[in-house]
>>> print(open('start24.txt').read())   # compact mmCIF, C-alpha atoms
# COMPACT_ATOMS: atom_id res chain seq x y z
CA MET A 28 96.57 67.01 110.90
CA LEU A 29 95.44 69.06 107.91
CA ASP A 30 92.40 67.78 105.98
CA LEU A 31 92.66 69.11 102.42
CA GLU A 32 90.71 68.96 99.16
CA VAL A 33 92.66 68.18 95.98
CA VAL A 34 91.52 69.99 92.83
CA PRO A 35 93.61 68.80 89.84
CA GLU A 36 95.23 71.58 87.80
CA ARG A 37 94.03 74.14 90.32
CA SER A 38 94.57 73.96 94.06
CA LEU A 39 95.00 72.30 97.45
CA GLY A 40 93.06 73.68 100.40
CA ASN A 41 90.06 73.60 102.71
CA GLU A 42 87.09 75.84 103.55
CA GLN A 43 89.30 78.42 105.30
CA TRP A 44 92.14 78.80 102.78
CA GLU A 45 93.46 77.54 99.47
CA PHE A 46 96.86 77.32 97.79
CA ALA A 47 95.96 77.99 94.14
CA LEU A 48 98.28 77.56 91.16
CA GLY A 49 99.28 81.01 89.89
CA MET A 50 99.01 82.51 93.38
CA PRO A 51 101.71 85.12 94.18
CA PHE A 52 104.34 84.10 96.74
CA SER A 53 103.30 86.84 99.17
CA GLN A 54 99.69 85.60 99.33
CA ALA A 55 100.83 82.07 100.20
CA VAL A 56 103.01 83.52 102.97
CA SER A 57 100.03 85.55 104.18
CA ILE A 58 97.96 82.34 104.52
CA LEU A 59 100.76 80.68 106.49
CA GLN A 60 101.08 83.69 108.80
CA LYS A 61 97.34 83.83 109.41
CA HIS A 62 97.20 80.13 110.31
CA CYS A 63 100.56 79.91 112.08
CA ARG A 64 99.06 78.04 115.05
CA ILE A 65 97.97 75.20 112.76
CA ILE A 66 100.68 75.25 110.07
CA LYS A 67 104.05 75.32 111.83
CA ASN A 68 107.73 74.87 110.99
CA VAL A 69 107.73 76.40 107.51
CA GLN A 70 111.01 76.74 105.60
CA VAL A 71 111.79 79.19 102.78
CA LEU A 72 114.23 77.57 100.35
CA TYR A 73 116.05 79.47 97.58
CA SER A 74 119.43 79.70 95.87
CA GLU A 75 121.45 82.49 97.48
CA GLN A 76 123.95 82.91 94.63
CA THR A 77 121.74 82.03 91.63
CA PRO A 78 118.16 82.80 92.68
CA LEU A 79 116.78 82.58 89.12
CA SER A 80 118.10 79.07 88.45
CA HIS A 81 116.05 77.26 91.12
CA ASP A 82 112.42 77.39 92.21
CA LEU A 83 111.49 79.44 95.25
CA ILE A 84 110.05 76.92 97.74
CA LEU A 85 107.86 77.05 100.83
CA ASN A 86 108.36 73.76 102.67
CA LEU A 87 105.64 72.89 105.20
CA THR A 88 107.77 70.37 107.07
CA GLN A 89 105.13 69.43 109.64
CA ASP A 90 102.55 68.69 106.93
CA GLY A 91 104.73 67.10 104.22
CA ILE A 92 103.86 69.74 101.59
CA LYS A 93 106.08 71.81 99.29
CA LEU A 94 104.89 74.85 97.35
CA LEU A 95 107.15 75.49 94.35
CA PHE A 96 107.11 79.02 92.93
CA ASP A 97 108.56 80.04 89.58
CA ALA A 98 111.83 81.87 90.28
CA THR A 99 111.14 84.56 87.67
CA ASN A 100 107.48 85.53 88.10
CA GLN A 101 107.20 84.28 91.73
CA ARG A 102 103.79 82.62 91.16
CA LEU A 103 102.86 79.13 92.40
CA LYS A 104 103.86 76.54 89.79
CA VAL A 105 103.64 73.12 91.51
CA ILE A 106 102.07 71.82 94.73
CA GLU A 107 103.88 68.71 96.00
CA VAL A 108 102.73 66.43 98.81
CA TYR A 109 105.87 64.44 99.64
CA ASP A 110 104.74 62.74 102.86
CA LEU A 111 101.15 61.50 102.71
CA SER A 112 101.31 60.17 106.28
CA LYS A 113 101.23 63.77 107.61
CA VAL A 114 98.07 64.97 105.87
CA LYS A 115 94.52 63.86 104.99
CA LEU A 116 93.54 64.21 101.33
CA LYS A 117 90.18 64.03 99.60
CA TYR A 118 88.84 64.42 96.07
CA CYS A 119 85.27 65.61 95.41
CA GLY A 120 84.66 65.46 99.15
CA VAL A 121 85.68 61.77 99.53
CA HIS A 122 88.93 60.82 101.27
CA PHE A 123 91.51 58.80 99.37
CA ASN A 124 94.26 59.28 101.97
CA SER A 125 93.79 59.36 105.74
CA GLN A 126 94.74 57.45 108.89
CA ALA A 127 92.01 54.92 108.03
CA ILE A 128 92.47 54.85 104.23
CA ALA A 129 95.83 53.90 102.70
CA PRO A 130 96.70 55.59 99.35
CA THR A 131 97.20 52.36 97.39
CA ILE A 132 96.94 52.00 93.62
CA GLU A 133 93.51 50.41 94.10
CA GLN A 134 92.33 53.41 96.13
CA ILE A 135 93.63 55.87 93.52
CA ASP A 136 91.86 53.93 90.75
CA GLN A 137 88.64 53.98 92.75
CA SER A 138 88.84 57.70 93.52
CA PHE A 139 90.15 59.10 90.22
CA GLY A 140 89.19 56.52 87.61
CA ALA A 141 91.09 55.31 84.56
CA THR A 142 94.00 57.07 82.92
CA HIS A 143 96.90 56.29 80.58
CA PRO A 144 99.40 53.59 81.62
CA GLY A 145 101.98 54.66 84.17
CA VAL A 146 105.59 55.56 83.39
CA TYR A 147 108.47 53.93 85.26
CA ASN A 148 111.54 55.97 86.20
CA PRO A 149 114.38 53.54 86.98
CA ALA A 150 116.65 56.24 88.44
CA GLU A 151 114.08 57.13 91.12
CA GLN A 152 112.59 53.62 91.30
CA LEU A 153 109.21 55.31 91.06
CA PHE A 154 106.19 54.57 88.89
CA HIS A 155 104.37 57.75 87.83
CA LEU A 156 100.65 57.66 87.19
CA ASN A 157 99.52 60.84 85.43
CA PHE A 158 96.16 62.55 85.16
CA ARG A 159 95.69 66.02 83.69
CA GLY A 160 97.07 68.45 86.26
CA LEU A 161 97.75 65.67 88.80
CA SER A 162 100.30 62.88 89.17
CA PHE A 163 100.99 60.14 91.72
CA SER A 164 104.40 58.52 92.25
CA PHE A 165 104.47 54.95 93.58
CA GLN A 166 107.45 53.40 95.35
CA LEU A 167 108.56 50.12 93.72
CA ASP A 168 111.78 49.33 95.57
CA SER A 169 110.30 46.09 96.99
CA TRP A 170 109.83 44.64 93.49
CA ASN A 171 112.71 42.87 91.78
CA GLU A 172 111.63 43.76 88.26
CA ALA A 173 109.76 46.89 87.21
CA PRO A 174 106.46 46.21 85.41
CA LYS A 175 106.01 47.67 81.93
CA TYR A 176 102.59 49.25 82.27
CA GLU A 177 100.65 48.03 85.25
CA ILE A 178 101.46 49.12 88.78
CA PRO A 179 101.57 46.09 91.13
CA HIS A 180 98.69 45.59 93.55
CA GLY A 181 99.20 47.19 96.94
CA ALA A 182 101.74 49.76 95.72
CA MET A 183 101.56 52.90 97.88
CA VAL A 184 101.69 56.52 96.77
CA LYS A 185 104.94 58.17 97.84
CA ARG A 186 104.40 61.63 96.31
CA MET A 187 101.61 63.63 94.70
CA HIS A 188 101.93 66.70 92.44
CA ILE A 189 99.33 69.27 91.37
CA TYR A 190 100.28 71.38 88.32
CA THR A 191 98.97 72.87 85.07
CA GLY A 192 98.79 70.80 81.87
CA ASN A 193 99.76 67.22 81.07
CA ASN A 194 103.49 67.19 81.81
CA LEU A 195 105.00 67.92 85.22
CA GLN A 196 108.48 68.48 83.75
CA GLU A 197 107.23 71.10 81.28
CA THR A 198 104.65 72.84 83.45
CA ARG A 199 104.72 76.59 84.00
CA ALA A 200 103.05 78.81 86.56
CA PRO A 201 99.65 79.86 85.16
CA ALA A 202 98.31 83.39 85.12
CA MET A 203 97.13 84.68 88.48
CA PRO A 204 93.58 83.45 89.25
CA LEU A 205 90.79 85.99 89.64
CA ALA A 206 90.37 84.91 93.27
CA CYS A 207 93.86 86.29 94.05
CA PHE A 208 93.22 89.91 93.00
CA PHE A 209 91.27 91.02 96.11
CA GLY A 210 90.53 94.38 94.50
CA ASN A 211 94.22 95.16 93.84
CA ILE A 212 95.94 96.14 90.62
CA PHE A 213 99.09 94.31 89.52
CA ALA A 214 101.75 95.24 86.97
CA GLU A 215 102.37 92.80 84.12
CA CYS A 216 105.34 94.93 83.01
CA VAL A 217 106.77 98.41 83.59
CA ASP A 218 108.59 100.24 80.79
CA VAL A 219 110.93 103.09 81.74
CA LEU A 220 110.42 106.05 79.38
CA ARG A 221 113.69 107.82 78.54
CA ASP A 222 115.25 110.46 76.34
CA GLY A 223 118.92 111.06 75.63
CA ALA A 224 119.51 112.66 79.03
CA GLY A 225 117.86 110.08 81.25
CA PRO A 226 114.54 108.73 82.58
CA LEU A 227 111.30 110.65 81.97
CA GLY A 228 108.74 108.38 83.65
CA LEU A 229 107.04 104.99 83.61
CA LYS A 230 104.54 103.25 81.33
CA LEU A 231 102.75 100.50 83.26
CA ARG A 232 100.70 97.63 81.82
CA LEU A 233 98.28 96.87 84.62
CA LEU A 234 96.07 93.89 85.45
CA THR A 235 92.83 94.16 87.38
CA ALA A 236 89.82 91.93 87.96
CA GLY A 237 86.94 93.70 86.25
CA SER A 238 83.33 92.54 86.12
CA GLY A 239 80.08 93.35 84.42
CA PRO A 240 77.58 95.56 86.22
CA GLY A 241 76.64 93.69 89.38
CA VAL A 242 77.43 90.26 87.96
CA MET A 243 80.42 88.63 89.67
CA ALA A 244 80.10 85.54 87.45
CA ASP A 245 81.22 87.70 84.50
CA SER A 246 84.48 88.71 86.19
CA LYS A 247 87.57 88.63 84.01
CA VAL A 248 91.06 90.06 83.97
CA ARG A 249 91.25 93.50 82.37
CA PHE A 250 94.39 95.11 80.96
CA LEU A 251 95.08 98.83 81.38
CA GLU A 252 97.98 101.04 80.32
CA ARG A 253 98.94 104.07 82.37
CA SER A 254 101.88 106.50 82.15
CA ILE A 255 103.29 108.66 84.94
CA PHE A 256 106.12 111.17 84.69
CA PHE A 257 108.51 113.23 86.77
CA GLY A 258 106.71 116.41 87.68
CA ASP A 259 103.26 114.79 87.81
CA SER A 260 101.09 115.87 90.72
CA CYS A 261 99.58 113.64 93.41
CA GLN A 262 96.25 113.96 91.59
CA ASP A 263 97.82 112.78 88.34
CA VAL A 264 99.23 109.67 90.02
CA LEU A 265 96.04 108.91 91.97
CA GLY A 266 94.03 109.24 88.76
CA ALA A 267 96.37 106.86 86.92
CA LEU A 268 97.08 104.21 89.57
CA GLY A 269 94.48 104.67 92.29
CA SER A 270 95.20 104.97 96.00
CA PRO A 271 98.54 103.62 97.25
CA HIS A 272 98.70 100.81 99.78
CA LYS A 273 100.63 103.10 102.11
CA VAL A 274 101.90 106.67 102.34
CA PHE A 275 105.32 106.90 103.98
CA TYR A 276 106.78 110.22 105.16
CA LYS A 277 110.57 110.43 105.16
CA SER A 278 111.78 111.29 108.65
CA GLU A 279 115.35 111.92 107.44
CA ASP A 280 117.38 111.76 104.27
CA LYS A 281 120.25 109.39 104.98
CA MET A 282 121.77 110.06 101.54
CA LYS A 283 121.99 113.85 102.13
CA ILE A 284 125.55 113.54 103.42
CA HIS A 285 126.66 112.44 99.94
CA SER A 286 125.38 115.62 98.27
CA PRO A 287 127.95 118.32 97.28
CA SER A 288 127.12 120.74 100.12
CA PRO A 289 125.10 118.96 102.80
CA HIS A 290 125.79 121.65 105.41
CA LYS A 291 124.16 124.29 103.18
CA GLN A 292 120.89 122.45 102.88
CA VAL A 293 118.30 124.09 105.09
CA PRO A 294 116.16 121.55 106.98
CA SER A 295 112.69 121.42 105.49
CA LYS A 296 109.67 122.09 107.66
CA CYS A 297 107.83 119.35 105.76
CA ASN A 298 108.99 115.90 104.77
CA ASP A 299 109.00 114.37 101.31
CA TYR A 300 106.67 111.39 101.11
CA PHE A 301 106.34 108.11 99.23
CA PHE A 302 103.31 106.47 97.68
CA ASN A 303 104.00 102.74 98.21
CA TYR A 304 102.33 100.48 95.61
CA PHE A 305 103.28 97.05 96.96
CA THR A 306 101.47 94.95 94.32
CA LEU A 307 103.14 96.97 91.54
CA GLY A 308 106.61 96.78 93.10
CA VAL A 309 106.89 100.56 92.77
CA ASP A 310 107.43 103.49 95.14
CA ILE A 311 106.85 107.09 94.03
CA LEU A 312 108.49 109.98 95.93
CA PHE A 313 106.81 113.39 96.02
CA ASP A 314 108.40 116.70 96.89
CA SER A 315 106.98 118.03 100.15
CA THR A 316 106.71 121.60 98.83
CA THR A 317 105.47 121.19 95.26
CA HIS A 318 103.77 117.78 95.69
CA LEU A 319 105.21 116.69 92.33
CA VAL A 320 106.91 113.38 91.49
CA LYS A 321 110.69 113.54 91.98
CA LYS A 322 111.75 109.85 92.14
CA PHE A 323 110.57 106.35 91.21
CA VAL A 324 111.85 103.21 92.96
CA LEU A 325 111.44 99.84 91.21
CA HIS A 326 111.78 96.70 93.38
CA THR A 327 112.93 93.27 92.15
CA ASN A 328 111.93 91.34 95.31
CA TYR A 329 114.83 88.89 95.26
CA PRO A 330 115.02 86.40 98.17
CA GLY A 331 117.97 87.22 100.36
CA HIS A 332 117.21 90.96 100.40
CA TYR A 333 116.07 92.75 103.55
CA ASN A 334 112.79 93.90 101.92
CA PHE A 335 111.93 90.51 100.41
CA ASN A 336 108.18 89.77 100.32
CA ILE A 337 107.16 93.37 101.05
CA TYR A 338 106.77 94.15 97.35
CA HIS A 339 105.71 92.10 94.36
CA ARG A 340 108.44 91.84 91.74
CA CYS A 341 108.44 94.78 89.32
CA ASP A 342 109.13 93.35 85.86
CA PHE A 343 110.78 96.48 84.44
CA LYS A 344 112.50 97.23 81.14
CA ILE A 345 114.95 100.14 80.81
CA PRO A 346 115.91 100.95 77.20
CA LEU A 347 119.45 102.17 76.54
CA VAL A 348 121.13 103.56 73.45
CA ILE A 349 124.81 102.59 73.49
CA LYS A 350 127.46 104.02 71.16
CA LYS A 351 129.44 101.32 69.40
CA GLU A 352 133.17 101.33 70.02
CA GLY A 353 135.29 102.80 67.23
CA THR A 354 132.38 104.60 65.57
CA ASN A 355 131.20 108.18 65.82
CA SER A 356 127.52 107.82 65.01
CA GLN A 357 126.57 104.15 65.12
CA THR A 358 124.51 103.09 68.13
CA GLU A 359 122.77 99.98 69.31
CA GLU A 360 119.72 99.60 71.51
CA CYS A 361 119.90 97.47 74.66
CA ILE A 362 117.36 96.76 77.38
CA LEU A 363 118.04 96.32 81.09
CA THR A 364 115.52 94.09 82.88
CA THR A 365 114.69 92.87 86.36
CA ASN A 366 116.93 89.84 85.67
CA SER A 367 120.01 91.86 84.55
CA LYS A 368 123.08 91.49 86.76
CA TRP A 369 125.36 94.32 87.80
CA ASP A 370 128.38 93.20 85.76
CA GLN A 371 126.18 93.13 82.61
CA ILE A 372 124.93 96.64 83.38
CA GLN A 373 128.48 97.96 83.83
CA GLU A 374 129.47 96.54 80.45
CA LEU A 375 126.70 98.61 78.84
CA LEU A 376 126.83 101.82 80.89
CA GLY A 377 130.48 101.86 81.93
CA HIS A 378 131.95 101.72 85.42
CA PRO A 379 130.86 104.37 87.94
CA MET A 380 133.43 107.05 88.65
CA GLU A 381 132.77 107.04 92.40
CA LYS A 382 132.86 104.25 94.94
CA PRO A 383 129.47 102.81 95.96
CA VAL A 384 127.46 103.92 98.94
CA VAL A 385 127.11 101.00 101.38
CA LEU A 386 123.51 100.57 102.52
CA HIS A 387 122.81 98.60 105.69
CA ARG A 388 119.06 98.24 106.22
CA SER A 389 117.55 97.57 109.62
CA SER A 390 114.41 98.41 111.54
CA SER A 391 114.17 100.74 114.50
CA ALA A 392 113.13 97.82 116.72
CA ASN A 393 115.83 95.41 115.53
CA ASN A 394 119.23 96.50 114.23
CA THR A 395 120.20 93.07 112.89
CA ASN A 396 120.17 92.34 109.17
CA PRO A 397 120.95 88.67 108.41
CA PHE A 398 121.31 89.36 104.67
CA GLY A 399 124.21 91.82 104.86
CA SER A 400 124.74 95.18 103.19
CA THR A 401 123.92 96.24 99.64
CA PHE A 402 125.84 98.69 97.44
CA CYS A 403 124.39 101.71 95.61
CA PHE A 404 125.90 102.89 92.32
CA GLY A 405 124.77 105.98 90.39
CA LEU A 406 124.73 106.05 86.58
CA GLN A 407 122.73 108.22 84.15
CA ARG A 408 120.22 109.52 86.71
CA MET A 409 119.66 105.98 88.00
CA ILE A 410 120.78 104.43 91.29
CA PHE A 411 121.27 100.66 91.21
CA GLU A 412 121.11 98.89 94.57
CA VAL A 413 123.29 95.81 94.11
CA MET A 414 123.13 92.69 96.28
CA GLN A 415 126.18 90.64 97.20
CA ASN A 416 125.21 87.99 94.62
CA ASN A 417 125.49 90.61 91.81
CA HIS A 418 121.70 90.88 91.30
CA ILE A 419 119.83 94.19 91.41
CA ALA A 420 117.64 94.75 94.50
CA SER A 421 116.11 98.03 93.32
CA VAL A 422 116.53 100.81 90.77
CA THR A 423 115.86 104.43 91.74
CA LEU A 424 115.09 106.80 88.85
CA TYR A 425 115.33 110.55 89.26
CA GLY A 426 115.31 113.58 87.01
CA ALA A 427 114.27 117.18 86.61
CA PRO A 428 110.47 117.67 86.78
CA ARG A 429 108.77 118.65 83.56
CA THR A 430 107.63 122.22 83.12
CA SER A 431 103.92 122.88 83.34
CA SER A 432 103.80 123.64 79.62
CA GLN A 433 104.81 120.09 78.68
CA ALA A 434 101.84 118.00 77.66
CA ARG A 435 101.21 114.67 79.28
CA LEU A 436 101.83 111.81 76.88
CA GLY A 437 98.83 109.61 76.21
CA SER A 438 96.31 111.69 78.15
CA SER A 439 94.69 115.11 78.04
CA ALA A 440 96.06 117.96 80.14
CA SER A 441 94.22 118.51 83.40
CA SER A 442 93.83 121.75 85.31
CA HIS A 443 94.63 121.88 89.00
>>> encode(input="start24.txt", output="structure tokens")
Amino acid sequence: MLDLEVVPERSLGNEQWEFALGMPFSQAVSILQKHCRIIKNVQVLYSEQTPLSHDLILNLTQDGIKLLFDATNQRLKVIEVYDLSKVKLKYCGVHFNSQAIAPTIEQIDQSFGATHPGVYNPAEQLFHLNFRGLSFSFQLDSWNEAPKYEIPHGAMVKRMHIYTGNNLQETRAPAMPLACFFGNIFAECVDVLRDGAGPLGLKLRLLTAGSGPGVMADSKVRFLERSIFFGDSCQDVLGALGSPHKVFYKSEDKMKIHSPSPHKQVPSKCNDYFFNYFTLGVDILFDSTTHLVKKFVLHTNYPGHYNFNIYHRCDFKIPLVIKKEGTNSQTEECILTTNSKWDQIQELLGHPMEKPVVLHRSSSANNTNPFGSTFCFGLQRMIFEVMQNNHIASVTLYGAPRTSSQARLGSSASSH
């Protein structure tokens, strides 16, 4: 049985690990994988057809705990303990729920002190006692008439919630805590830079945990802006974003068969390679001969996709200039985002002339893919990988590299 410390408005955990509000989904999964011999029978719950309309949930069935993640930013929003008989709980090092201590209203009063009067919900037949960042729900089905303010003696806690703020219904996932950075950089947003012909590059607003010289107590989140373009060198990208989490060399180009003259393409002695930035949700493809950027891949990390939980969600914005119908010169500006659906994109960009390429992902060790195929459509030097629920799994941007005479935007030219 887990023995966990409750920290209102912050976390639930022990000396080995901690589920902290604002924690990214992937880090919570990493904790569960590391302690899989202790924490067993975990479910991942999400809406297959409308993944943005419901929270993304990790259900620890053996321990009576649910971790509710915001569907849009995929950070931990609420920690719910729904079965207190399966877990030991303590506050400030003192147990208020264990096999020897029942979580009665008297025990909660003793452990947490006074608060505002409780609120009765007749639909649930539950009495909610709220502290800042913490609430307890008491079962009252054995009472004939609900009390107005005071919870009857002996009432037992049925559920407990940890969240940010004063209102569980209105709570939102907080910003990622400093303890979750682990030396990584994260992308708050990624803007696609474009001209009339198509994409030029990316402008990234980055988050990192910076600190004063040698003083960890002064750590705080720092914001950085970096731009990278087609035709940038490896050195340019490393200088802007730092080292990638992984370098992946393409063993074969499975899309080559769809090029105009695949039989004329001479096999390369070297392979193109990706810089994988998992915490940014971005891959960058370099040409094996010139070592210059030739493609960007932006990942949305939707549940129900084969690559789910490999990347953090890339919160991208792609600006478009659309000509208004019936006019020669009037245009309107639109923005495609991570949340845009394929039918909305087609309304703005028009329907592709060619049929989609069907992509069936699988690993070399296991050919099964429980999530089914995705469909790739090309429009305006962008390839949209579309899931069966109409959401976008990834966007690949490609374009002609810049000439060496073109100056880098926002930074001084560097010699190589």
>>> residues_around(input="start24.txt", residues="segment 83-89 of chain A", least_positions_apart="4", cutoff="12 Å", atoms="all atoms listed in the file", output="PyMOL selection string")
chain A and resi 28-29+46+51-56+58-59+63-75+77-79+93-114+328-331+336
>>> write_last_selection(input="start24.txt", atoms="C-alpha atoms", output="short mmCIF file (atom, residue, chain, number, x, y, z; two decimals), keeping the file's coordinate frame")
data_model
loop_
_atom_site.label_atom_id
_atom_site.label_comp_id
_atom_site.auth_asym_id
_atom_site.auth_seq_id
_atom_site.Cartn_x
_atom_site.Cartn_y
_atom_site.Cartn_z
CA MET A 28 96.57 67.01 110.90
CA LEU A 29 95.44 69.06 107.91
CA PHE A 46 96.86 77.32 97.79
CA PRO A 51 101.71 85.12 94.18
CA PHE A 52 104.34 84.10 96.74
CA SER A 53 103.30 86.84 99.17
CA GLN A 54 99.69 85.60 99.33
CA ALA A 55 100.83 82.07 100.20
CA VAL A 56 103.01 83.52 102.97
CA ILE A 58 97.96 82.34 104.52
CA LEU A 59 100.76 80.68 106.49
CA CYS A 63 100.56 79.91 112.08
CA ARG A 64 99.06 78.04 115.05
CA ILE A 65 97.97 75.20 112.76
CA ILE A 66 100.68 75.25 110.07
CA LYS A 67 104.05 75.32 111.83
CA ASN A 68 107.73 74.87 110.99
CA VAL A 69 107.73 76.40 107.51
CA GLN A 70 111.01 76.74 105.60
CA VAL A 71 111.79 79.19 102.78
CA LEU A 72 114.23 77.57 100.35
CA TYR A 73 116.05 79.47 97.58
CA SER A 74 119.43 79.70 95.87
CA GLU A 75 121.45 82.49 97.48
CA THR A 77 121.74 82.03 91.63
CA PRO A 78 118.16 82.80 92.68
CA LEU A 79 116.78 82.58 89.12
CA LYS A 93 106.08 71.81 99.29
CA LEU A 94 104.89 74.85 97.35
CA LEU A 95 107.15 75.49 94.35
CA PHE A 96 107.11 79.02 92.93
CA ASP A 97 108.56 80.04 89.58
CA ALA A 98 111.83 81.87 90.28
CA THR A 99 111.14 84.56 87.67
CA ASN A 100 107.48 85.53 88.10
CA GLN A 101 107.20 84.28 91.73
CA ARG A 102 103.79 82.62 91.16
CA LEU A 103 102.86 79.13 92.40
CA LYS A 104 103.86 76.54 89.79
CA VAL A 105 103.64 73.12 91.51
CA ILE A 106 102.07 71.82 94.73
CA GLU A 107 103.88 68.71 96.00
CA VAL A 108 102.73 66.43 98.81
CA TYR A 109 105.87 64.44 99.64
CA ASP A 110 104.74 62.74 102.86
CA LEU A 111 101.15 61.50 102.71
CA SER A 112 101.31 60.17 106.28
CA LYS A 113 101.23 63.77 107.61
CA VAL A 114 98.07 64.97 105.87
CA ASN A 328 111.93 91.34 95.31
CA TYR A 329 114.83 88.89 95.26
CA PRO A 330 115.02 86.40 98.17
CA GLY A 331 117.97 87.22 100.36
CA ASN A 336 108.18 89.77 100.32
#
>>> residues_around(input="start24.txt", residues="Leu234 of chain A", least_positions_apart="3", cutoff="8 Å", atoms="all atoms listed in the file", output="list in words")
Ile212, Phe213, Ala214, Glu215, Val248, Arg249, Phe250 and Leu251 of chain A
>>> residues_around(input="start24.txt", residues="Gly308 of chain A", least_positions_apart="6", cutoff="8 Å", atoms="all atoms listed in the file", output="count of residues only")
9
>>> closest_residue(input="start24.txt", among="A:His180, A:Arg199, A:His62, A:Lys185", to="Leu48 of chain A", atoms="all atoms listed in the file")
A:Arg199
>>> residues_near_point(input="start24.txt", point="(93.6, 49.9, 96.7)", cutoff="12 Å", atoms="only C-alpha atoms", output="list in words")
Phe123, Asn124, Ile128, Ala129, Pro130, Thr131, Ile132, Glu133, Gln134, Ile135, Asp136, Gln137, Ser138, Phe139, Ile178, Pro179, His180, Gly181, Ala182, Met183 and Val184 of chain A
>>> residues_around(input="start24.txt", residues="Tyr118 of chain A", least_positions_apart="3", cutoff="7 Å", atoms="all atoms listed in the file", output="PyMOL selection string")
chain A and resi 32-34+121-122
>>> atom_distance(input="start24.txt", atom1="atom CA of Phe301 of chain A", atom2="atom CA of Thr423 of chain A")
12.7 Å
>>> atom_distance(input="start24.txt", atom1="atom CA of Arg221 of chain A", atom2="atom CA of His378 of chain A")
20.4 Å
>>> atom_distance(input="start24.txt", atom1="atom CA of Pro144 of chain A", atom2="atom CA of Ile189 of chain A")
18.5 Å
